[in-house]
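S.K.: I'd like to ask you about the structure that follows.
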Amino acid sequence: MASAAPVQGIQEETKCPICLEYLTDPVTMDCGHNFCQGCISNYCDKWEEYGPLECPVCRHRIRKGNLRHNWQLGNIVGKIRQLELNPSKENLCETHQEKLDLFCEEDGEAVCVACWRSPQHRSHRVLLMEEAAQKYKDQIQLHLQSLMKERDEIPAVKLSEEKRLLELLEKMEDERQKIVSVFKQLRQFLEDQERLLLAQLEKLDKAIRKSQDENATSMSKEIPRLSELIDEMEETCQQPASKFLQDFRSTLSRCEKGKFQQPVEMSSELEKRLGELSQNNSALTETLKKFKDTLPSELEKRRRESLGLHRQVNVTLDPDTAHPELIVSEDWKSARWGFTEEDLPDNPERFDILPCVLGCEGFTSGRHCWEVEVGGGRFWAVGVARESVRRKGWISRSPEGGIWAVERCGDQYQALTSPETPLPLSQAPSRIRVSLDCERGQVTFFDAENQGPIFTFPPASFTGEKSLPWLQVGRSRLRLWP
């Protein structure tokens, strides 16, 4: 018989550190410690007003809403209670008042010898209580070792993920600096061209004003001179003929010499220079227009080329995997929440807790994309799931649980990482594009209407397993597009 030490260890692992009783509705924190849901909720309500919440055991920083139900541990606790591990307590059969020395594996209950001989248990396999306890203790010990191993691996996984995220942040900062530098150079170039053109305009302005002043001065001098010459000619013409004929030659000479001399025409030259500057300005305007038209289209082209690497596939939903309260359309393209009178078989492929459904088509290689119309629904999740994703009970909606997805919950959008990553979207998408790169193990989401990126999961290893479209339908209707 095994010593009492393992049993004592099992009892400690299955008791709440707060109430010191067997775990009731156990939940697991990020740090890996388990608590009764009621105990940890009361603890959070009591201590959150004094500062950041910490785990009562390890003082690891925790969040009030980040509680994960541990159904597996809850089942273990239930079995421990059924087995009545306390050897000092003597149980008697209520019917025969005999000691419950046997355990019926068919019904999962303790029985006495008289019960075992009754028709109810005669055909069932029974074990001595100690043998049955040891058998299930060994099973529980294996489960506990697995759970403790998972708990011990959490810090390493968290550290690795934080490292990858830091690397992404560094790359993002580098790209930010490149963008700032490019636009700084562009602004400097435009400012230089602006100064050059304005300097040429200033120089032309001075030339025009100088010509204007010179023309005004010249005209102001010519008018009195011509007036004086006119008066002199009029007086000469009024003289007697003899006198007039003596002076008419000198008078004609003065008339010819006194004619108005047209100033050197500067306006045409200045107009020509202004026309050249106007042509430069028109060329600059046209270049700017081309730049404004070309840059966004070129960026859009690059983005479309990136998207074009993924082959758009026509996917359908698999009704055999749909939660019993999901109604799948006859063309297998849409699903909505609702009640149906059809008695669906509880096959192993069907989800039984979360309202989920998988696609029929699976992918093991290549790059693929498909789109999901989410419309105005406020509760939904779309993404990719491994073919081996858990279908029964509460499932982990994260890459660790075999799901890569984004969801909307009311007015909040988030990526289903562990923990969730909030998504500050500027507008509500009506259609989501899911892009799957099997070789890189990468899943990316886009707003299908404006091609805006929503979220990219870090690369993962799909290890040749099929990846399927995955939908979770709340109070909404989701449709695969087209």
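Chain labels run A, B, ... following the order of the structure tokens; each chain numbers its residues from 1, and ligands are numbered from 1 in the order shown.
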Residues within 12 Å of Ile454 (chain A), please, as a PyMOL selection string. Count only C-alpha atoms; anything in the same chain fewer than 3 positions from it doesn't count.

M.R.: chain A and resi 405-407+413-415+421-429+431-435+443-451+457

S.K.: If you run DSSP on this backbone, which residues of region 196-437 of chain A come out as helix (DSSP H, G or I), and could you give them as a VMD selection string?

M.R.: chain A and resid 196 to 237 241 to 257 267 to 308 319 to 321 399 to 401

S.K.: Could you write out the selected residues, including C-alpha atoms, as a compact mmCIF listing (two decimals), in the first residue's frame?

M.R.:
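out-v8.txt was written with the following content:
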```txt
# COMPACT_ATOMS: atom_id res chain seq x y z
CA LEU A 196 13.80 78.96 -54.29
CA LEU A 197 10.55 79.80 -56.09
CA LEU A 198 9.65 82.57 -53.65
CA ALA A 199 13.15 84.07 -54.07
CA GLN A 200 12.72 84.10 -57.86
CA LEU A 201 9.30 85.73 -57.46
CA GLU A 202 10.80 88.34 -55.09
CA LYS A 203 13.54 89.13 -57.61
CA LEU A 204 10.96 89.49 -60.40
CA ASP A 205 8.81 91.67 -58.16
CA LYS A 206 11.72 94.07 -57.61
CA ALA A 207 12.43 94.21 -61.35
CA ILE A 208 8.77 95.02 -62.13
CA ARG A 209 8.62 97.74 -59.50
CA LYS A 210 11.92 99.27 -60.73
CA SER A 211 10.61 99.35 -64.31
CA GLN A 212 7.40 100.86 -63.03
CA ASP A 213 9.27 103.66 -61.22
CA GLU A 214 11.57 104.36 -64.18
CA ASN A 215 8.62 104.50 -66.58
CA ALA A 216 6.73 106.88 -64.32
CA THR A 217 9.77 109.21 -63.98
CA SER A 218 10.41 109.22 -67.75
CA MET A 219 6.78 109.96 -68.57
CA SER A 220 6.60 112.74 -66.02
CA LYS A 221 9.61 114.49 -67.70
CA GLU A 222 8.39 114.06 -71.30
CA ILE A 223 5.00 115.69 -70.82
CA PRO A 224 6.33 119.23 -69.87
CA ARG A 225 9.01 119.07 -72.62
CA LEU A 226 6.51 118.21 -75.29
CA SER A 227 4.10 120.85 -74.00
CA GLU A 228 6.85 123.49 -74.28
CA LEU A 229 7.73 122.38 -77.84
CA ILE A 230 4.08 122.50 -78.86
CA ASP A 231 3.73 126.05 -77.57
CA GLU A 232 6.87 127.08 -79.50
CA MET A 233 5.56 125.49 -82.73
CA GLU A 234 2.22 127.24 -82.37
CA GLU A 235 3.96 130.65 -81.91
CA THR A 236 6.17 130.02 -84.97
CA CYS A 237 3.17 129.25 -87.12
CA ALA A 241 5.48 134.75 -93.68
CA SER A 242 8.84 136.44 -94.06
CA LYS A 243 9.77 135.78 -90.47
CA PHE A 244 8.32 132.24 -90.57
CA LEU A 245 10.31 131.31 -93.69
CA GLN A 246 13.52 132.42 -92.07
CA ASP A 247 13.13 130.06 -89.08
CA PHE A 248 11.07 127.18 -90.45
CA ARG A 249 14.10 124.93 -91.10
CA SER A 250 15.38 125.19 -87.51
CA THR A 251 11.81 124.76 -86.26
CA LEU A 252 11.38 121.57 -88.31
CA SER A 253 14.70 120.28 -86.98
CA ARG A 254 13.62 120.88 -83.37
CA CYS A 255 10.29 119.13 -84.06
CA GLU A 256 12.04 116.12 -85.44
CA LYS A 257 14.51 115.99 -82.57
CA SER A 267 7.19 94.69 -69.66
CA SER A 268 7.45 91.96 -72.32
CA GLU A 269 10.72 90.66 -70.83
CA LEU A 270 9.26 90.70 -67.34
CA GLU A 271 6.13 88.99 -68.60
CA LYS A 272 8.28 86.29 -70.16
CA ARG A 273 10.09 85.71 -66.85
CA LEU A 274 6.76 85.59 -64.99
CA GLY A 275 5.49 83.05 -67.53
CA GLU A 276 8.51 80.83 -66.88
CA LEU A 277 7.84 80.95 -63.15
CA SER A 278 4.16 80.19 -63.77
CA GLN A 279 5.17 77.16 -65.85
CA ASN A 280 7.43 75.98 -63.03
CA ASN A 281 4.57 76.39 -60.58
CA SER A 282 2.22 74.44 -62.90
CA ALA A 283 4.81 71.68 -63.21
CA LEU A 284 5.14 71.59 -59.42
CA THR A 285 1.35 71.44 -59.02
CA GLU A 286 1.10 68.60 -61.53
CA THR A 287 3.96 66.73 -59.86
CA LEU A 288 2.30 67.14 -56.46
CA LYS A 289 -1.00 65.85 -57.86
CA LYS A 290 0.74 62.80 -59.36
CA PHE A 291 2.56 62.23 -56.07
CA LYS A 292 -0.68 62.42 -54.09
CA ASP A 293 -2.36 60.05 -56.52
CA THR A 294 0.56 57.66 -56.89
CA LEU A 295 1.71 57.23 -53.28
CA PRO A 296 -1.57 55.90 -51.81
CA SER A 297 -2.19 53.71 -54.87
CA GLU A 298 1.36 52.35 -54.69
CA LEU A 299 0.97 51.60 -50.99
CA GLU A 300 -2.38 50.00 -51.72
CA LYS A 301 -0.78 47.98 -54.53
CA ARG A 302 1.95 46.73 -52.22
CA ARG A 303 -0.66 45.79 -49.62
CA ARG A 304 -2.80 44.00 -52.21
CA GLU A 305 0.26 42.15 -53.47
CA SER A 306 0.87 40.99 -49.92
CA LEU A 307 -2.75 39.88 -49.63
CA GLY A 308 -2.59 38.33 -53.07
CA PRO A 319 -23.22 20.97 -39.31
CA ASP A 320 -21.90 17.89 -37.47
CA THR A 321 -19.66 20.18 -35.37
CA PRO A 399 -3.45 29.41 -29.33
CA GLU A 400 -2.64 27.14 -26.38
CA GLY A 401 -6.10 25.62 -26.80
```

S.K.: For the atom pair CA of Cys93 (chain A) and CA of Glu105 (chain A), what is the interatomic distance in Å to one decimal place?

M.R.: 16.8 Å

S.K.: For the structure I just gave you, how does DSSP split region 270-445 of chain A - specifically, which residues are strand (DSSP E or B)? Reply as number ranges by chain.

M.R.: A: 311-312, 317, 326-328, 334-337, 356-359, 363, 367-373, 379-386, 403-409, 412-415, 421-422, 431-437, 442-445

S.K.: What lies within 8 Å of Glu439 (chain A) using only C-alpha atoms, ignoring chain neighbours under 4 positions off, as a ChimeraX atom specification?

M.R.: /A:365-367

S.K.: Using the selection just defined, write its residues with all heavy atoms as a PDB file, in the first residue's frame.

M.R.:
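Once everything was written out, this is out39.pdb:
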```pdb
ATOM      1  N   SER A 365      -1.211  23.016 -45.689  1.00  0.00           N
ATOM      2  CA  SER A 365      -0.094  23.694 -46.350  1.00  0.00           C
ATOM      3  C   SER A 365      -0.650  24.841 -47.187  1.00  0.00           C
ATOM      4  O   SER A 365      -1.851  24.906 -47.478  1.00  0.00           O
ATOM      5  CB  SER A 365       0.695  22.730 -47.235  1.00  0.00           C
ATOM      6  OG  SER A 365      -0.141  22.212 -48.264  1.00  0.00           O
ATOM      7  N   GLY A 366       0.264  25.739 -47.596  1.00  0.00           N
ATOM      8  CA  GLY A 366      -0.124  26.840 -48.465  1.00  0.00           C
ATOM      9  C   GLY A 366      -0.621  28.047 -47.696  1.00  0.00           C
ATOM     10  O   GLY A 366      -0.662  28.081 -46.466  1.00  0.00           O
ATOM     11  N   ARG A 367      -1.017  29.079 -48.493  1.00  0.00           N
ATOM     12  CA  ARG A 367      -1.562  30.318 -47.926  1.00  0.00           C
ATOM     13  C   ARG A 367      -3.001  30.459 -48.413  1.00  0.00           C
ATOM     14  O   ARG A 367      -3.262  30.417 -49.614  1.00  0.00           O
ATOM     15  CB  ARG A 367      -0.733  31.527 -48.365  1.00  0.00           C
ATOM     16  CG  ARG A 367       0.725  31.473 -47.932  1.00  0.00           C
ATOM     17  CD  ARG A 367       1.439  32.751 -48.371  1.00  0.00           C
ATOM     18  NE  ARG A 367       2.833  32.781 -47.962  1.00  0.00           N
ATOM     19  CZ  ARG A 367       3.836  32.358 -48.710  1.00  0.00           C
ATOM     20  NH1 ARG A 367       3.581  31.883 -49.922  1.00  0.00           N
ATOM     21  NH2 ARG A 367       5.081  32.422 -48.269  1.00  0.00           N
TER      22      ARG A 367
END
```

S.K.: Need the shell around Glu361 (chain A): protein/DNA/RNA residues with any atom at most 12 Å away, counting only C-alpha atoms. Skip same-chain ones fewer than 3 positions apart. Format as a VMD selection string?

M.R.: chain A and resid 313 to 318 332 358 364 368 to 370 384 to 387 466 to 470

S.K.: Could those selected residues go to a file with N, CA and C atoms, as a JSON list (two decimals), in the first residue's frame?

M.R.:
```
[["chain", "number", "residue", "atom", "x", "y", "z"],
["A", 313, "VAL", "N", -10.34, 31.09, -50.74],
["A", 313, "VAL", "CA", -10.99, 29.79, -50.85],
["A", 313, "VAL", "C", -12.46, 29.92, -50.50],
["A", 314, "ASN", "N", -13.25, 29.03, -51.07],
["A", 314, "ASN", "CA", -14.69, 28.99, -50.80],
["A", 314, "ASN", "C", -14.93, 27.93, -49.73],
["A", 315, "VAL", "N", -15.22, 28.36, -48.50],
["A", 315, "VAL", "CA", -15.36, 27.43, -47.39],
["A", 315, "VAL", "C", -16.82, 27.34, -46.98],
["A", 316, "THR", "N", -17.17, 26.22, -46.35],
["A", 316, "THR", "CA", -18.53, 25.98, -45.85],
["A", 316, "THR", "C", -18.44, 25.50, -44.41],
["A", 317, "LEU", "N", -19.58, 25.47, -43.73],
["A", 317, "LEU", "CA", -19.64, 25.06, -42.34],
["A", 317, "LEU", "C", -20.01, 23.58, -42.24],
["A", 318, "ASP", "N", -19.52, 22.95, -41.19],
["A", 318, "ASP", "CA", -19.78, 21.53, -40.95],
["A", 318, "ASP", "C", -20.88, 21.40, -39.90],
["A", 332, "TRP", "N", -25.00, 25.72, -45.94],
["A", 332, "TRP", "CA", -23.83, 25.56, -45.04],
["A", 332, "TRP", "C", -22.91, 26.78, -45.06],
["A", 358, "LEU", "N", -17.27, 24.53, -36.82],
["A", 358, "LEU", "CA", -16.05, 24.49, -37.63],
["A", 358, "LEU", "C", -16.40, 24.45, -39.12],
["A", 364, "THR", "N", -3.49, 22.09, -44.56],
["A", 364, "THR", "CA", -2.24, 21.67, -43.93],
["A", 364, "THR", "C", -1.03, 22.36, -44.55],
["A", 368, "HIS", "N", -3.92, 30.66, -47.48],
["A", 368, "HIS", "CA", -5.33, 30.70, -47.82],
["A", 368, "HIS", "C", -6.00, 31.85, -47.07],
["A", 369, "CYS", "N", -7.10, 32.35, -47.63],
["A", 369, "CYS", "CA", -7.88, 33.37, -46.94],
["A", 369, "CYS", "C", -9.35, 33.20, -47.28],
["A", 370, "TRP", "N", -10.20, 33.60, -46.35],
["A", 370, "TRP", "CA", -11.65, 33.60, -46.56],
["A", 370, "TRP", "C", -12.21, 34.76, -45.72],
["A", 384, "VAL", "N", -9.39, 30.63, -36.68],
["A", 384, "VAL", "CA", -8.88, 29.34, -37.14],
["A", 384, "VAL", "C", -8.73, 28.43, -35.93],
["A", 385, "ALA", "N", -8.99, 27.14, -36.12],
["A", 385, "ALA", "CA", -8.83, 26.17, -35.03],
["A", 385, "ALA", "C", -8.16, 24.91, -35.58],
["A", 386, "ARG", "N", -7.38, 24.27, -34.70],
["A", 386, "ARG", "CA", -6.82, 22.96, -35.06],
["A", 386, "ARG", "C", -7.97, 21.95, -35.17],
["A", 387, "GLU", "N", -7.76, 20.93, -35.99],
["A", 387, "GLU", "CA", -8.78, 19.89, -36.11],
["A", 387, "GLU", "C", -8.97, 19.16, -34.78],
["A", 466, "LYS", "N", -4.43, 19.55, -39.63],
["A", 466, "LYS", "CA", -5.37, 20.38, -40.36],
["A", 466, "LYS", "C", -5.79, 21.59, -39.53],
["A", 467, "SER", "N", -5.91, 22.73, -40.21],
["A", 467, "SER", "CA", -6.45, 23.94, -39.60],
["A", 467, "SER", "C", -7.77, 24.26, -40.29],
["A", 468, "LEU", "N", -8.81, 24.55, -39.49],
["A", 468, "LEU", "CA", -10.16, 24.73, -40.01],
["A", 468, "LEU", "C", -10.70, 26.11, -39.66],
["A", 469, "PRO", "N", -11.58, 26.68, -40.50],
["A", 469, "PRO", "CA", -12.30, 27.89, -40.10],
["A", 469, "PRO", "C", -13.10, 27.62, -38.83],
["A", 470, "TRP", "N", -13.14, 28.62, -37.95],
["A", 470, "TRP", "CA", -13.83, 28.47, -36.65],
["A", 470, "TRP", "C", -14.68, 29.70, -36.39]]
```

S.K.: List as CSV every residue of region 50-159 of chain A that is in contact with region 27-30 of chain A, defined as an atom at most 12 Å from one of its atoms (using only C-alpha atoms), together with the nearest atom pair and the distance in Å rounded to one decimal, sorted by chain and then rising number.

M.R.:
```
residue,atom,partner,partner_atom,distance
A:Leu53,CA,A:Met29,CA,11.7
A:Glu54,CA,A:Met29,CA,10.3
A:Cys55,CA,A:Met29,CA,8.0
A:Pro56,CA,A:Met29,CA,10.7
A:Val57,CA,A:Met29,CA,10.8
A:Cys58,CA,A:Met29,CA,10.9
A:Arg59,CA,A:Met29,CA,11.4
A:His60,CA,A:Asp30,CA,8.4
A:Arg61,CA,A:Asp30,CA,8.7
A:Ile62,CA,A:Asp30,CA,7.0
A:Arg63,CA,A:Met29,CA,8.6
A:Lys64,CA,A:Met29,CA,9.5
A:Gly65,CA,A:Met29,CA,10.0
A:Asn66,CA,A:Met29,CA,7.1
A:Leu67,CA,A:Met29,CA,5.8
A:Arg68,CA,A:Thr28,CA,5.2
A:His69,CA,A:Val27,CA,4.3
A:Asn70,CA,A:Val27,CA,5.2
A:Trp71,CA,A:Val27,CA,8.2
A:Gln72,CA,A:Val27,CA,10.3
A:Leu73,CA,A:Val27,CA,8.9
A:Gly74,CA,A:Val27,CA,8.9
A:Leu147,CA,A:Thr28,CA,10.8
A:Met148,CA,A:Thr28,CA,11.9
A:Glu150,CA,A:Asp30,CA,11.4
A:Arg151,CA,A:Asp30,CA,8.9
A:Asp152,CA,A:Asp30,CA,11.2
A:Glu153,CA,A:Asp30,CA,11.5
A:Ile154,CA,A:Asp30,CA,8.0
A:Pro155,CA,A:Asp30,CA,9.2
A:Val157,CA,A:Asp30,CA,11.5
A:Lys158,CA,A:Asp30,CA,9.6
```

S.K.: Could you tell me which of A:Ile353, A:Val328, A:Leu186, A:Ala335 comes closest to Ile395 (chain A) if we count only C-alpha atoms?

M.R.: A:Ile353

S.K.: What does the distance from CA of Arg336 (chain A) to CA of Cys356 (chain A) come to in Å, to one decimal?

M.R.: 10.2 Å

S.K.: So what do you get for CA of Arg391 (chain A) versus CA of Glu349 (chain A), distance-wise?

M.R.: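 CA of Glu349 (chain A) lies 6.4 Å from CA of Arg391 (chain A).
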